[in-house]
Amino acid sequence: MSLHAELADELAARESQGLRRTRRLLTTPQRARVSVDGRDYTAFCSNDYLGLAADPRLAAAAKTGIDRYGVGAGASHLILGHSSAHHELETALADFVRLPQALLFSTGYMANMAVVSALVGRGDAVFADRLNHASLNDAALVSRATFKRYAHNDLAALERLLQTTPGRRRLVIVDAVFSMDGDIAPVPALLELCARHDAYLLIDDAHGFGVLGAEGRGTLSHFGIASGRVIYMATLGKAAGVAGAFVAGSAVLIESLVQNARTYIYTTATPPLLAQALLVSLQLIEQEDWRRVRLRELIAQLQRELAAGPWHLLPSDTPIQPLLVGGNAEALVLSARLAAQGLLVPAIRPPTVPQGTARLRISLSADHNAADVTRLTTALLQPA
Ligand SMILES: *Cc1c(COP(=O)(O)O)cnc(C)c1O
């Protein structure tokens with residue numbers, strides 16, 4: 001059989017299992033109200049939790065960045081692509097999360113690849129929650145360290161693995177907020193286990209940065225954690241509304257990433273205009289607390305309005321509010337029924353989530369209002 005015939009068979013099998021993924025065509029900025037494939041919707045799909053992705057002040061800062069630096073960075077950071085905008089942003093990010101230094105990456109995926117491979121290799125061990133983001137899993141595999149996964153939030157299982165898995169260096173890696181469940185990792189307990197078993201803790205705060213903690217400073221602030229055992233990573237394409245990611249920690253950690261991280265060294269720096277926009281985003285995250293207040297109100301409203309009905313929301317205090325459906329086909333049907341009423345909520349299916357736990361992933365944003373949430377809950381509570 002030819003390669004292309006084989007691929008076509010695999011795609012047909014995927015389709016028949018209700019697992020084919022499709023892309024929708026967005027023709028407006030990322031906001032609560034969007035136009036998609038020529039129709040207007042209220043969308044509950046984005047990670048733009050604070051509603052900053054389309055903020056005109058970020059757009060104006062990006063334009064200033066273009067005027068100052070042009071469009072392309074033109075080189076990698078270590079050749080001549082490291083602009084003063086990147087540098088200023090790294091300093092601001094480190095200050096914001098109250099860690100000594102920070103290093104910018106083009107994407108969160110690349111930051112995770114970098115930090116795991118820079119810290120561990122053959123002869124070391126990585127311990128990971130089963131529900132971690134795919135980029136952390138890929139990073140662990142690429143690192144060639146022994147890779148052990150434990151059941152979601154099962155600290156007893158993690159402790160057994162820590163007791164029985166040797167390694168010169170040992171690293172526990174975890175999503176601070178789990179991207180498909182919305183729950184917050186028990187970071188203080190994880191840190192305590194790491195201290196007891198001489199391991200380090202890499203926290204991926206993709207969904208906590210900007211949302212959790214005082215002024216949105218993230219999960220470390222949320223838990224009041226300051227520990228030399230923590231290596232912090234967060235992304236800038238979600239609550240921060242732009243793109244990119246950073247790793248923060250000690251000066252020695254950051255310098256060894258600059259020297260060793262392949263996804264930092266062998267890639268073109270992101271356009272400085274993005275760093276310029278992110279400097280403004282960081283100020284808005286810090287100053288506009290009303291966005292987090294609004295989010296908390298919307299989360300409480302959604303939970304209250306769905307409590308009466310047949311639906312089961314997974315327990316989550318974050319803007320990620322998953323509605324458990326079960327079957328892949330059922331999740332698709334429910335998502336399509338909502339879309340017919342002008343409401344976009346993505347159906348999340350395996351392998352992104354475990355078999356039998358297909359769900360609608362409702363994401364709330366400070367750009368939503370109470371009426372948006374009521375429209376969604378009213379539609380969900382209507383008989384099919
Ligand atoms: C989105 C996400 C990433 C990847 O970040 P990108 O900047 O989109 O590449 C990494 N980890 C987690 C937990 C995420 O949700």
# chains A, B, ... in the order shown; residues from 1 in each chain; ligands from 1

call {"tool": "residues_near_ligand", "arguments": {"ligand": "ligand 1", "cutoff": "8 Å", "atoms": "only C-alpha atoms and all ligand atoms", "output": "list of chain:residue names"}}
result
A:Ser106, A:Thr107, A:Gly108, A:Tyr109, A:Met110, A:Ala111, A:Asn112, A:Asn132, A:His133, A:Ala134, A:Ser135, A:Leu136, A:Asp175, A:Ala176, A:Val177, A:Phe178, A:Ser179, A:Asp204, A:Asp205, A:Ala206, A:His207, A:Ala234, A:Thr235, A:Leu236, A:Gly237, A:Lys238, A:Ala243, A:Gly244, A:Ala245

call {"tool": "residues_around", "arguments": {"residues": "Pro272 in chain A", "least_positions_apart": "6", "cutoff": "8 Å", "atoms": "only C-alpha atoms", "output": "short mmCIF file (atom, residue, chain, number, x, y, z; two decimals) with all heavy atoms, in the first residue's frame"}}
result
data_model
loop_
_atom_site.label_atom_id
_atom_site.label_comp_id
_atom_site.auth_asym_id
_atom_site.auth_seq_id
_atom_site.Cartn_x
_atom_site.Cartn_y
_atom_site.Cartn_z
N GLY A 65 6.38 49.18 18.76
CA GLY A 65 7.47 48.22 18.60
C GLY A 65 7.91 48.11 17.14
O GLY A 65 9.10 48.04 16.85
N ILE A 66 6.94 48.13 16.23
CA ILE A 66 7.27 48.08 14.79
C ILE A 66 8.06 49.33 14.39
O ILE A 66 9.08 49.25 13.71
CB ILE A 66 6.00 47.96 13.94
CG1 ILE A 66 5.33 46.62 14.17
CG2 ILE A 66 6.33 48.16 12.45
CD1 ILE A 66 4.04 46.42 13.40
N TYR A 69 11.58 48.88 16.02
CA TYR A 69 12.44 47.72 15.72
C TYR A 69 12.14 47.06 14.37
O TYR A 69 12.79 46.08 14.03
CB TYR A 69 12.29 46.64 16.79
CG TYR A 69 12.65 47.10 18.19
CD1 TYR A 69 11.67 47.45 19.11
CD2 TYR A 69 13.99 47.16 18.59
CE1 TYR A 69 12.00 47.86 20.40
CE2 TYR A 69 14.32 47.57 19.87
CZ TYR A 69 13.33 47.91 20.77
OH TYR A 69 13.67 48.32 22.03
N VAL A 71 9.79 44.66 11.85
CA VAL A 71 8.90 43.52 12.07
C VAL A 71 9.65 42.27 12.55
O VAL A 71 9.29 41.68 13.55
CB VAL A 71 8.08 43.22 10.80
CG1 VAL A 71 7.21 41.99 11.01
CG2 VAL A 71 7.21 44.42 10.44
N GLY A 72 10.68 41.89 11.86
CA GLY A 72 11.35 40.63 12.20
C GLY A 72 12.55 40.83 13.10
O GLY A 72 13.24 41.85 13.01
N ALA A 73 12.82 39.85 13.97
CA ALA A 73 14.02 39.93 14.81
C ALA A 73 15.28 39.67 13.97
O ALA A 73 16.36 40.16 14.30
CB ALA A 73 13.94 38.92 15.95
N SER A 83 16.88 42.00 21.37
CA SER A 83 16.70 43.46 21.36
C SER A 83 16.51 43.99 22.78
O SER A 83 16.25 43.23 23.72
CB SER A 83 15.49 43.83 20.52
OG SER A 83 14.32 43.59 21.27
N ALA A 85 14.00 45.50 23.79
CA ALA A 85 12.62 45.19 24.21
C ALA A 85 12.56 43.81 24.88
O ALA A 85 11.91 43.63 25.92
CB ALA A 85 11.67 45.25 23.02
N HIS A 86 13.23 42.82 24.27
CA HIS A 86 13.28 41.48 24.90
C HIS A 86 13.90 41.58 26.29
O HIS A 86 13.41 40.98 27.25
CB HIS A 86 14.14 40.52 24.06
CG HIS A 86 13.57 40.18 22.72
ND1 HIS A 86 14.28 40.35 21.55
CD2 HIS A 86 12.38 39.67 22.35
CE1 HIS A 86 13.54 39.96 20.52
NE2 HIS A 86 12.37 39.54 20.98
#

call {"tool": "residues_around", "arguments": {"residues": "range 343-355 of chain A", "least_positions_apart": "2", "cutoff": "8 Å", "atoms": "only C-alpha atoms", "output": "tab-separated table (two decimals) with C-alpha atoms, in the first residue's frame"}}
result
chain	number	residue	atom	x	y	z
A	19	LEU	CA	-11.97	11.86	16.54
A	41	TYR	CA	-21.03	33.66	17.90
A	42	THR	CA	-20.38	34.12	21.58
A	43	ALA	CA	-17.30	31.98	22.13
A	44	PHE	CA	-16.15	30.12	25.25
A	45	CYS	CA	-13.07	28.68	23.55
A	131	LEU	CA	-2.72	14.96	33.15
A	180	MET	CA	-8.30	20.22	30.49
A	328	ASN	CA	-17.03	11.38	21.96
A	331	ALA	CA	-19.78	15.69	23.21
A	332	LEU	CA	-19.76	16.56	19.51
A	335	SER	CA	-21.21	21.21	21.01
A	338	LEU	CA	-24.87	24.99	21.19
A	339	ALA	CA	-23.23	26.22	17.97
A	340	ALA	CA	-26.63	26.19	16.28
A	341	GLN	CA	-27.69	28.67	18.98
A	357	THR	CA	-14.22	11.56	29.62
A	358	ALA	CA	-15.01	13.64	26.54
A	359	ARG	CA	-16.13	17.04	27.68
A	360	LEU	CA	-17.09	20.54	26.72
A	361	ARG	CA	-14.30	22.80	27.86
A	362	ILE	CA	-15.97	26.07	28.83
A	376	LEU	CA	-24.91	29.47	27.76

call {"tool": "residues_around", "arguments": {"residues": "Leu190 in chain A", "least_positions_apart": "5", "cutoff": "10 Å", "atoms": "only C-alpha atoms", "output": "MDAnalysis selection string"}}
result
chainID A and resid 153 155 158:159 172:174 185 195:196 199:201

call {"tool": "write_last_selection", "arguments": {"atoms": "N, CA, C and O atoms", "output": "tab-separated table (two decimals), in the first residue's frame"}}
result
chain	number	residue	atom	x	y	z
A	153	ASN	N	-2.73	13.93	40.55
A	153	ASN	CA	-2.72	14.44	41.94
A	153	ASN	C	-2.53	13.37	43.00
A	153	ASN	O	-2.82	13.60	44.18
A	155	LEU	N	-0.46	11.95	45.32
A	155	LEU	CA	0.83	12.24	45.96
A	155	LEU	C	1.45	10.99	46.59
A	155	LEU	O	2.67	10.88	46.67
A	158	LEU	N	3.20	9.33	43.83
A	158	LEU	CA	4.43	10.06	43.53
A	158	LEU	C	5.51	9.73	44.56
A	158	LEU	O	6.66	9.49	44.22
A	159	GLU	N	5.10	9.68	45.82
A	159	GLU	CA	6.10	9.42	46.86
A	159	GLU	C	6.71	8.02	46.68
A	159	GLU	O	7.92	7.85	46.81
A	172	VAL	N	10.46	16.76	39.40
A	172	VAL	CA	9.00	16.57	39.31
A	172	VAL	C	8.48	17.69	38.43
A	172	VAL	O	8.84	18.86	38.62
A	173	ILE	N	7.66	17.32	37.43
A	173	ILE	CA	7.13	18.36	36.54
A	173	ILE	C	5.60	18.34	36.60
A	173	ILE	O	4.98	17.28	36.62
A	174	VAL	N	5.02	19.53	36.63
A	174	VAL	CA	3.57	19.56	36.86
A	174	VAL	C	2.95	20.83	36.28
A	174	VAL	O	3.55	21.91	36.30
A	185	ALA	N	-2.90	22.39	40.96
A	185	ALA	CA	-2.05	21.34	41.56
A	185	ALA	C	-1.75	21.68	43.02
A	185	ALA	O	-1.63	22.85	43.37
A	195	ALA	N	11.33	18.25	48.67
A	195	ALA	CA	12.34	18.55	49.69
A	195	ALA	C	12.72	17.25	50.41
A	195	ALA	O	13.90	16.98	50.67
A	196	ARG	N	11.72	16.43	50.73
A	196	ARG	CA	11.97	15.21	51.48
A	196	ARG	C	12.77	14.20	50.66
A	196	ARG	O	13.53	13.40	51.21
A	199	ALA	N	14.36	16.24	45.29
A	199	ALA	CA	14.00	16.44	43.88
A	199	ALA	C	13.70	17.93	43.69
A	199	ALA	O	13.55	18.67	44.66
A	200	TYR	N	13.67	18.34	42.44
A	200	TYR	CA	13.30	19.73	42.12
A	200	TYR	C	11.93	19.74	41.47
A	200	TYR	O	11.45	18.73	40.97
A	201	LEU	N	11.28	20.91	41.50
A	201	LEU	CA	9.90	21.00	41.01
A	201	LEU	C	9.81	22.03	39.89
A	201	LEU	O	10.07	23.22	40.11

call {"tool": "residues_around", "arguments": {"residues": "range 90-99 of chain A", "least_positions_apart": "5", "cutoff": "10 Å", "atoms": "only C-alpha atoms", "output": "PyMOL selection string"}}
result
chain A and resi 84-85+104+209+213+215-221+226-228+231-232+234+246-251+275+278-279+282-283+286

call {"tool": "select_by_dssp", "arguments": {"residues": "range 139-222 of chain A", "states": "helix (DSSP H, G or I)", "output": "mmCIF file with all heavy atoms, in the first residue's frame"}}
result
data_model
loop_
_atom_site.group_PDB
_atom_site.id
_atom_site.type_symbol
_atom_site.label_atom_id
_atom_site.label_comp_id
_atom_site.auth_asym_id
_atom_site.auth_seq_id
_atom_site.Cartn_x
_atom_site.Cartn_y
_atom_site.Cartn_z
ATOM 1 N N ALA A 139 8.848 16.802 26.358
ATOM 2 C CA ALA A 139 10.130 17.285 26.875
ATOM 3 C C ALA A 139 10.810 16.177 27.678
ATOM 4 O O ALA A 139 12.018 15.948 27.544
ATOM 5 C CB ALA A 139 9.916 18.520 27.745
ATOM 6 N N ALA A 140 10.043 15.466 28.499
ATOM 7 C CA ALA A 140 10.625 14.399 29.314
ATOM 8 C C ALA A 140 11.159 13.286 28.413
ATOM 9 O O ALA A 140 12.249 12.753 28.641
ATOM 10 C CB ALA A 140 9.583 13.855 30.290
ATOM 11 N N LEU A 141 10.411 12.935 27.359
ATOM 12 C CA LEU A 141 10.860 11.870 26.455
ATOM 13 C C LEU A 141 12.144 12.277 25.740
ATOM 14 O O LEU A 141 13.086 11.492 25.633
ATOM 15 C CB LEU A 141 9.764 11.543 25.433
ATOM 16 C CG LEU A 141 8.518 10.869 26.026
ATOM 17 C CD1 LEU A 141 7.408 10.773 24.988
ATOM 18 C CD2 LEU A 141 8.861 9.493 26.577
ATOM 19 N N VAL A 142 12.180 13.503 25.266
ATOM 20 C CA VAL A 142 13.357 13.981 24.529
ATOM 21 C C VAL A 142 14.591 14.048 25.438
ATOM 22 O O VAL A 142 15.717 13.850 24.984
ATOM 23 C CB VAL A 142 13.047 15.359 23.897
ATOM 24 C CG1 VAL A 142 14.310 16.065 23.444
ATOM 25 C CG2 VAL A 142 12.098 15.191 22.720
ATOM 26 N N SER A 143 14.380 14.296 26.730
ATOM 27 C CA SER A 143 15.514 14.463 27.652
ATOM 28 C C SER A 143 16.301 13.170 27.864
ATOM 29 O O SER A 143 17.444 13.203 28.293
ATOM 30 C CB SER A 143 15.013 14.950 29.017
ATOM 31 O OG SER A 143 14.458 13.874 29.753
ATOM 32 N N LEU A 155 -0.461 11.949 45.324
ATOM 33 C CA LEU A 155 0.829 12.241 45.956
ATOM 34 C C LEU A 155 1.446 10.994 46.595
ATOM 35 O O LEU A 155 2.671 10.881 46.671
ATOM 36 C CB LEU A 155 0.672 13.357 46.986
ATOM 37 C CG LEU A 155 0.207 14.708 46.408
ATOM 38 C CD1 LEU A 155 0.291 15.795 47.463
ATOM 39 C CD2 LEU A 155 0.989 15.112 45.181
ATOM 40 N N ALA A 156 0.607 10.064 47.030
ATOM 41 C CA ALA A 156 1.138 8.821 47.599
ATOM 42 C C ALA A 156 1.858 8.037 46.503
ATOM 43 O O ALA A 156 2.947 7.480 46.722
ATOM 44 C CB ALA A 156 0.013 7.996 48.221
ATOM 45 N N ALA A 157 1.258 8.001 45.313
ATOM 46 C CA ALA A 157 1.899 7.311 44.181
ATOM 47 C C ALA A 157 3.203 8.003 43.819
ATOM 48 O O ALA A 157 4.217 7.348 43.553
ATOM 49 C CB ALA A 157 0.955 7.277 42.979
ATOM 50 N N LEU A 158 3.200 9.327 43.831
ATOM 51 C CA LEU A 158 4.433 10.060 43.527
ATOM 52 C C LEU A 158 5.507 9.728 44.562
ATOM 53 O O LEU A 158 6.663 9.487 44.220
ATOM 54 C CB LEU A 158 4.157 11.574 43.496
ATOM 55 C CG LEU A 158 5.412 12.455 43.419
ATOM 56 C CD1 LEU A 158 6.239 12.156 42.161
ATOM 57 C CD2 LEU A 158 5.030 13.939 43.451
ATOM 58 N N GLU A 159 5.102 9.685 45.824
ATOM 59 C CA GLU A 159 6.100 9.415 46.860
ATOM 60 C C GLU A 159 6.709 8.021 46.680
ATOM 61 O O GLU A 159 7.921 7.850 46.808
ATOM 62 C CB GLU A 159 5.487 9.557 48.259
ATOM 63 C CG GLU A 159 6.498 9.248 49.360
ATOM 64 C CD GLU A 159 6.282 10.042 50.636
ATOM 65 O OE1 GLU A 159 5.094 10.213 51.014
ATOM 66 O OE2 GLU A 159 7.289 10.468 51.250
ATOM 67 N N ARG A 160 5.865 7.035 46.337
ATOM 68 C CA ARG A 160 6.410 5.677 46.087
ATOM 69 C C ARG A 160 7.423 5.702 44.948
ATOM 70 O O ARG A 160 8.487 5.094 45.031
ATOM 71 C CB ARG A 160 5.263 4.701 45.757
ATOM 72 C CG ARG A 160 4.504 4.219 46.986
ATOM 73 C CD ARG A 160 3.607 3.023 46.665
ATOM 74 N NE ARG A 160 2.563 3.333 45.696
ATOM 75 C CZ ARG A 160 1.401 3.933 46.015
ATOM 76 N NH1 ARG A 160 1.134 4.277 47.267
ATOM 77 N NH2 ARG A 160 0.503 4.173 45.080
ATOM 78 N N LEU A 161 7.091 6.440 43.880
ATOM 79 C CA LEU A 161 8.028 6.524 42.752
ATOM 80 C C LEU A 161 9.329 7.205 43.163
ATOM 81 O O LEU A 161 10.423 6.777 42.767
ATOM 82 C CB LEU A 161 7.387 7.285 41.586
ATOM 83 C CG LEU A 161 6.280 6.542 40.833
ATOM 84 C CD1 LEU A 161 5.628 7.464 39.815
ATOM 85 C CD2 LEU A 161 6.837 5.297 40.143
ATOM 86 N N LEU A 162 9.205 8.251 43.978
ATOM 87 C CA LEU A 162 10.409 8.961 44.427
ATOM 88 C C LEU A 162 11.273 8.047 45.292
ATOM 89 O O LEU A 162 12.512 8.118 45.255
ATOM 90 C CB LEU A 162 10.026 10.227 45.200
ATOM 91 C CG LEU A 162 9.551 11.418 44.356
ATOM 92 C CD1 LEU A 162 8.880 12.477 45.230
ATOM 93 C CD2 LEU A 162 10.704 12.036 43.573
ATOM 94 N N GLN A 163 10.616 7.171 46.069
ATOM 95 C CA GLN A 163 11.363 6.252 46.939
ATOM 96 C C GLN A 163 12.081 5.169 46.141
ATOM 97 O O GLN A 163 13.132 4.693 46.548
ATOM 98 C CB GLN A 163 10.414 5.585 47.941
ATOM 99 C CG GLN A 163 10.074 6.482 49.118
ATOM 100 C CD GLN A 163 8.821 6.022 49.861
ATOM 101 O OE1 GLN A 163 8.069 5.164 49.376
ATOM 102 N NE2 GLN A 163 8.577 6.593 51.029
ATOM 103 N N THR A 164 11.506 4.779 44.999
ATOM 104 C CA THR A 164 12.017 3.587 44.312
ATOM 105 C C THR A 164 12.736 3.883 42.997
ATOM 106 O O THR A 164 13.242 2.959 42.365
ATOM 107 C CB THR A 164 10.849 2.612 44.002
ATOM 108 O OG1 THR A 164 9.844 3.349 43.277
ATOM 109 C CG2 THR A 164 10.232 2.060 45.274
ATOM 110 N N VAL A 187 0.573 22.421 44.997
ATOM 111 C CA VAL A 187 1.993 22.779 44.887
ATOM 112 C C VAL A 187 2.739 22.708 46.230
ATOM 113 O O VAL A 187 3.847 22.164 46.286
ATOM 114 C CB VAL A 187 2.157 24.155 44.209
ATOM 115 C CG1 VAL A 187 3.627 24.557 44.144
ATOM 116 C CG2 VAL A 187 1.565 24.119 42.804
ATOM 117 N N PRO A 188 2.169 23.222 47.339
ATOM 118 C CA PRO A 188 2.922 23.128 48.605
ATOM 119 C C PRO A 188 3.230 21.679 48.991
ATOM 120 O O PRO A 188 4.351 21.375 49.418
ATOM 121 C CB PRO A 188 1.979 23.783 49.629
ATOM 122 C CG PRO A 188 1.119 24.700 48.807
ATOM 123 C CD PRO A 188 0.924 23.996 47.500
ATOM 124 N N ALA A 189 2.280 20.776 48.794
ATOM 125 C CA ALA A 189 2.518 19.370 49.144
ATOM 126 C C ALA A 189 3.549 18.751 48.198
ATOM 127 O O ALA A 189 4.389 17.938 48.615
ATOM 128 C CB ALA A 189 1.203 18.589 49.104
ATOM 129 N N LEU A 190 3.501 19.125 46.932
ATOM 130 C CA LEU A 190 4.486 18.621 45.965
ATOM 131 C C LEU A 190 5.892 19.085 46.351
ATOM 132 O O LEU A 190 6.858 18.314 46.300
ATOM 133 C CB LEU A 190 4.152 19.129 44.554
ATOM 134 C CG LEU A 190 2.950 18.459 43.882
ATOM 135 C CD1 LEU A 190 2.484 19.280 42.680
ATOM 136 C CD2 LEU A 190 3.314 17.043 43.439
ATOM 137 N N LEU A 191 5.960 20.341 46.764
ATOM 138 C CA LEU A 191 7.254 20.909 47.147
ATOM 139 C C LEU A 191 7.807 20.213 48.385
ATOM 140 O O LEU A 191 9.018 19.954 48.495
ATOM 141 C CB LEU A 191 7.044 22.398 47.412
ATOM 142 C CG LEU A 191 8.235 23.317 47.269
ATOM 143 C CD1 LEU A 191 8.974 23.089 45.960
ATOM 144 C CD2 LEU A 191 7.743 24.766 47.334
ATOM 145 N N GLU A 192 6.918 19.892 49.288
ATOM 146 C CA GLU A 192 7.331 19.212 50.513
ATOM 147 C C GLU A 192 7.896 17.820 50.169
ATOM 148 O O GLU A 192 8.937 17.411 50.693
ATOM 149 C CB GLU A 192 6.100 19.126 51.431
ATOM 150 C CG GLU A 192 6.411 18.958 52.898
ATOM 151 C CD GLU A 192 6.384 17.500 53.292
ATOM 152 O OE1 GLU A 192 5.466 16.768 52.837
ATOM 153 O OE2 GLU A 192 7.298 17.080 54.039
ATOM 154 N N LEU A 193 7.218 17.127 49.245
ATOM 155 C CA LEU A 193 7.726 15.816 48.799
ATOM 156 C C LEU A 193 9.087 15.960 48.129
ATOM 157 O O LEU A 193 9.984 15.136 48.343
ATOM 158 C CB LEU A 193 6.753 15.194 47.791
ATOM 159 C CG LEU A 193 5.580 14.396 48.331
ATOM 160 C CD1 LEU A 193 4.803 13.780 47.168
ATOM 161 C CD2 LEU A 193 6.080 13.304 49.269
ATOM 162 N N CYS A 194 9.229 16.996 47.315
ATOM 163 C CA CYS A 194 10.509 17.219 46.623
ATOM 164 C C CYS A 194 11.619 17.457 47.646
ATOM 165 O O CYS A 194 12.723 16.925 47.505
ATOM 166 C CB CYS A 194 10.408 18.410 45.678
ATOM 167 S SG CYS A 194 9.464 18.044 44.197
ATOM 168 N N ALA A 195 11.329 18.248 48.672
ATOM 169 C CA ALA A 195 12.341 18.546 49.687
ATOM 170 C C ALA A 195 12.722 17.255 50.410
ATOM 171 O O ALA A 195 13.898 16.985 50.666
ATOM 172 C CB ALA A 195 11.808 19.580 50.669
ATOM 173 N N ARG A 196 11.720 16.435 50.727
ATOM 174 C CA ARG A 196 11.966 15.209 51.480
ATOM 175 C C ARG A 196 12.767 14.198 50.664
ATOM 176 O O ARG A 196 13.534 13.399 51.209
ATOM 177 C CB ARG A 196 10.620 14.617 51.909
ATOM 178 C CG ARG A 196 10.686 13.577 52.983
ATOM 179 C CD ARG A 196 9.676 13.825 54.124
ATOM 180 N NE ARG A 196 8.352 14.229 53.678
ATOM 181 C CZ ARG A 196 7.378 13.388 53.348
ATOM 182 N NH1 ARG A 196 7.587 12.088 53.365
ATOM 183 N NH2 ARG A 196 6.203 13.835 52.985
ATOM 184 N N ALA A 214 -1.870 37.435 43.888
ATOM 185 C CA ALA A 214 -2.058 38.880 44.002
ATOM 186 C C ALA A 214 -1.609 39.541 42.705
ATOM 187 O O ALA A 214 -0.552 39.210 42.170
ATOM 188 C CB ALA A 214 -1.227 39.401 45.173
ATOM 189 N N GLU A 215 -2.414 40.449 42.183
ATOM 190 C CA GLU A 215 -2.129 41.155 40.913
ATOM 191 C C GLU A 215 -1.843 40.197 39.760
ATOM 192 O O GLU A 215 -1.153 40.567 38.807
ATOM 193 C CB GLU A 215 -0.951 42.132 41.069
ATOM 194 C CG GLU A 215 -1.234 43.335 41.940
ATOM 195 C CD GLU A 215 -0.514 43.248 43.273
ATOM 196 O OE1 GLU A 215 0.520 42.570 43.360
ATOM 197 O OE2 GLU A 215 -1.018 43.838 44.248
ATOM 198 N N GLY A 216 -2.324 38.957 39.869
ATOM 199 C CA GLY A 216 -2.113 38.014 38.774
ATOM 200 C C GLY A 216 -0.696 37.491 38.674
ATOM 201 O O GLY A 216 -0.279 37.017 37.605
ATOM 202 N N THR A 219 0.836 31.270 40.251
ATOM 203 C CA THR A 219 0.622 30.221 41.240
ATOM 204 C C THR A 219 1.557 30.330 42.437
ATOM 205 O O THR A 219 1.169 29.979 43.556
ATOM 206 C CB THR A 219 0.740 28.857 40.548
ATOM 207 O OG1 THR A 219 -0.292 28.789 39.551
ATOM 208 C CG2 THR A 219 0.556 27.716 41.516
ATOM 209 N N LEU A 220 2.798 30.793 42.222
ATOM 210 C CA LEU A 220 3.706 30.927 43.374
ATOM 211 C C LEU A 220 3.129 31.936 44.358
ATOM 212 O O LEU A 220 3.133 31.717 45.577
ATOM 213 C CB LEU A 220 5.097 31.369 42.922
ATOM 214 C CG LEU A 220 5.846 30.402 42.003
ATOM 215 C CD1 LEU A 220 7.229 30.943 41.691
ATOM 216 C CD2 LEU A 220 5.935 29.022 42.631
ATOM 217 N N SER A 221 2.610 33.043 43.847
ATOM 218 C CA SER A 221 1.986 34.048 44.699
ATOM 219 C C SER A 221 0.703 33.503 45.338
ATOM 220 O O SER A 221 0.447 33.718 46.521
ATOM 221 C CB SER A 221 1.694 35.300 43.866
ATOM 222 O OG SER A 221 0.700 36.084 44.463
ATOM 223 N N HIS A 222 -0.087 32.777 44.547
ATOM 224 C CA HIS A 222 -1.327 32.170 45.049
ATOM 225 C C HIS A 222 -1.072 31.349 46.316
ATOM 226 O O HIS A 222 -1.822 31.407 47.279
ATOM 227 C CB HIS A 222 -1.929 31.294 43.952
ATOM 228 C CG HIS A 222 -3.125 30.480 44.357
ATOM 229 N ND1 HIS A 222 -4.395 31.007 44.412
ATOM 230 C CD2 HIS A 222 -3.242 29.184 44.732
ATOM 231 C CE1 HIS A 222 -5.248 30.059 44.797
ATOM 232 N NE2 HIS A 222 -4.574 28.945 45.001
#

call {"tool": "closest_residue", "arguments": {"among": "A:Ala336, A:Leu295, A:Leu306, A:Ile184", "to": "Thr378 in chain A", "atoms": "only C-alpha atoms"}}
result
A:Leu306

call {"tool": "residues_around", "arguments": {"residues": "Leu313 in chain A", "least_positions_apart": "4", "cutoff": "7 Å", "atoms": "only C-alpha atoms", "output": "PyMOL selection string"}}
result
chain A and resi 321-324

call {"tool": "residues_around", "arguments": {"residues": "Lys63 in chain A", "least_positions_apart": "5", "cutoff": "9 Å", "atoms": "only C-alpha atoms", "output": "ChimeraX atom specification"}}
result
/A:58,68,273,276-277

call {"tool": "write_last_selection", "arguments": {"atoms": "all heavy atoms", "output": "compact mmCIF listing (two decimals), in the first residue's frame"}}
result
# COMPACT_ATOMS: atom_id res chain seq x y z
N LEU A 58 -2.57 47.15 23.76
CA LEU A 58 -1.53 46.21 23.35
C LEU A 58 -1.21 46.40 21.86
O LEU A 58 -0.05 46.36 21.45
CB LEU A 58 -1.98 44.76 23.60
CG LEU A 58 -1.56 44.17 24.95
CD1 LEU A 58 -2.20 44.92 26.10
CD2 LEU A 58 -1.93 42.71 25.01
N ARG A 68 9.90 51.14 16.19
CA ARG A 68 11.22 51.17 16.79
C ARG A 68 12.14 50.08 16.24
O ARG A 68 13.33 50.29 16.05
CB ARG A 68 11.05 50.99 18.31
CG ARG A 68 12.17 51.63 19.12
CD ARG A 68 11.84 51.63 20.60
NE ARG A 68 10.83 52.61 20.97
CZ ARG A 68 10.25 52.66 22.17
NH1 ARG A 68 10.56 51.77 23.10
NH2 ARG A 68 9.35 53.57 22.44
N LEU A 273 8.44 43.45 18.53
CA LEU A 273 7.15 44.12 18.71
C LEU A 273 6.27 43.36 19.70
O LEU A 273 5.46 43.96 20.41
CB LEU A 273 6.44 44.29 17.36
CG LEU A 273 5.90 43.03 16.67
CD1 LEU A 273 4.41 42.86 16.92
CD2 LEU A 273 6.15 43.12 15.17
N GLN A 276 7.36 44.35 23.10
CA GLN A 276 6.84 45.70 23.37
C GLN A 276 5.38 45.62 23.83
O GLN A 276 4.98 46.27 24.80
CB GLN A 276 6.96 46.53 22.09
CG GLN A 276 6.97 48.01 22.30
CD GLN A 276 8.27 48.50 22.92
OE1 GLN A 276 9.35 48.03 22.57
NE2 GLN A 276 8.16 49.41 23.85
N ALA A 277 4.58 44.80 23.15
CA ALA A 277 3.17 44.62 23.55
C ALA A 277 3.08 43.97 24.92
O ALA A 277 2.23 44.33 25.75
CB ALA A 277 2.44 43.78 22.50

call {"tool": "atom_distance", "arguments": {"atom1": "CA of Gly182 in chain A", "atom2": "CA of Thr318 in chain A"}}
result
5.8 Å

call {"tool": "select_by_dssp", "arguments": {"residues": "range 13-255 of chain A", "states": "strand (DSSP E)", "output": "PyMOL selection string"}}
result
chain A and resi 33-36+39-43+101-105+125-129+146-150+170-175+200-204+230-235+245-249

call {"tool": "closest_residue", "arguments": {"among": "A:Leu80, A:Val126, A:Ala75, A:Val115", "to": "Glu255 in chain A", "atoms": "only C-alpha atoms"}}
result
A:Val115

call {"tool": "atom_distance", "arguments": {"atom1": "CA of Thr146 in chain A", "atom2": "CA of Leu257 in chain A"}}
result
21.0 Å
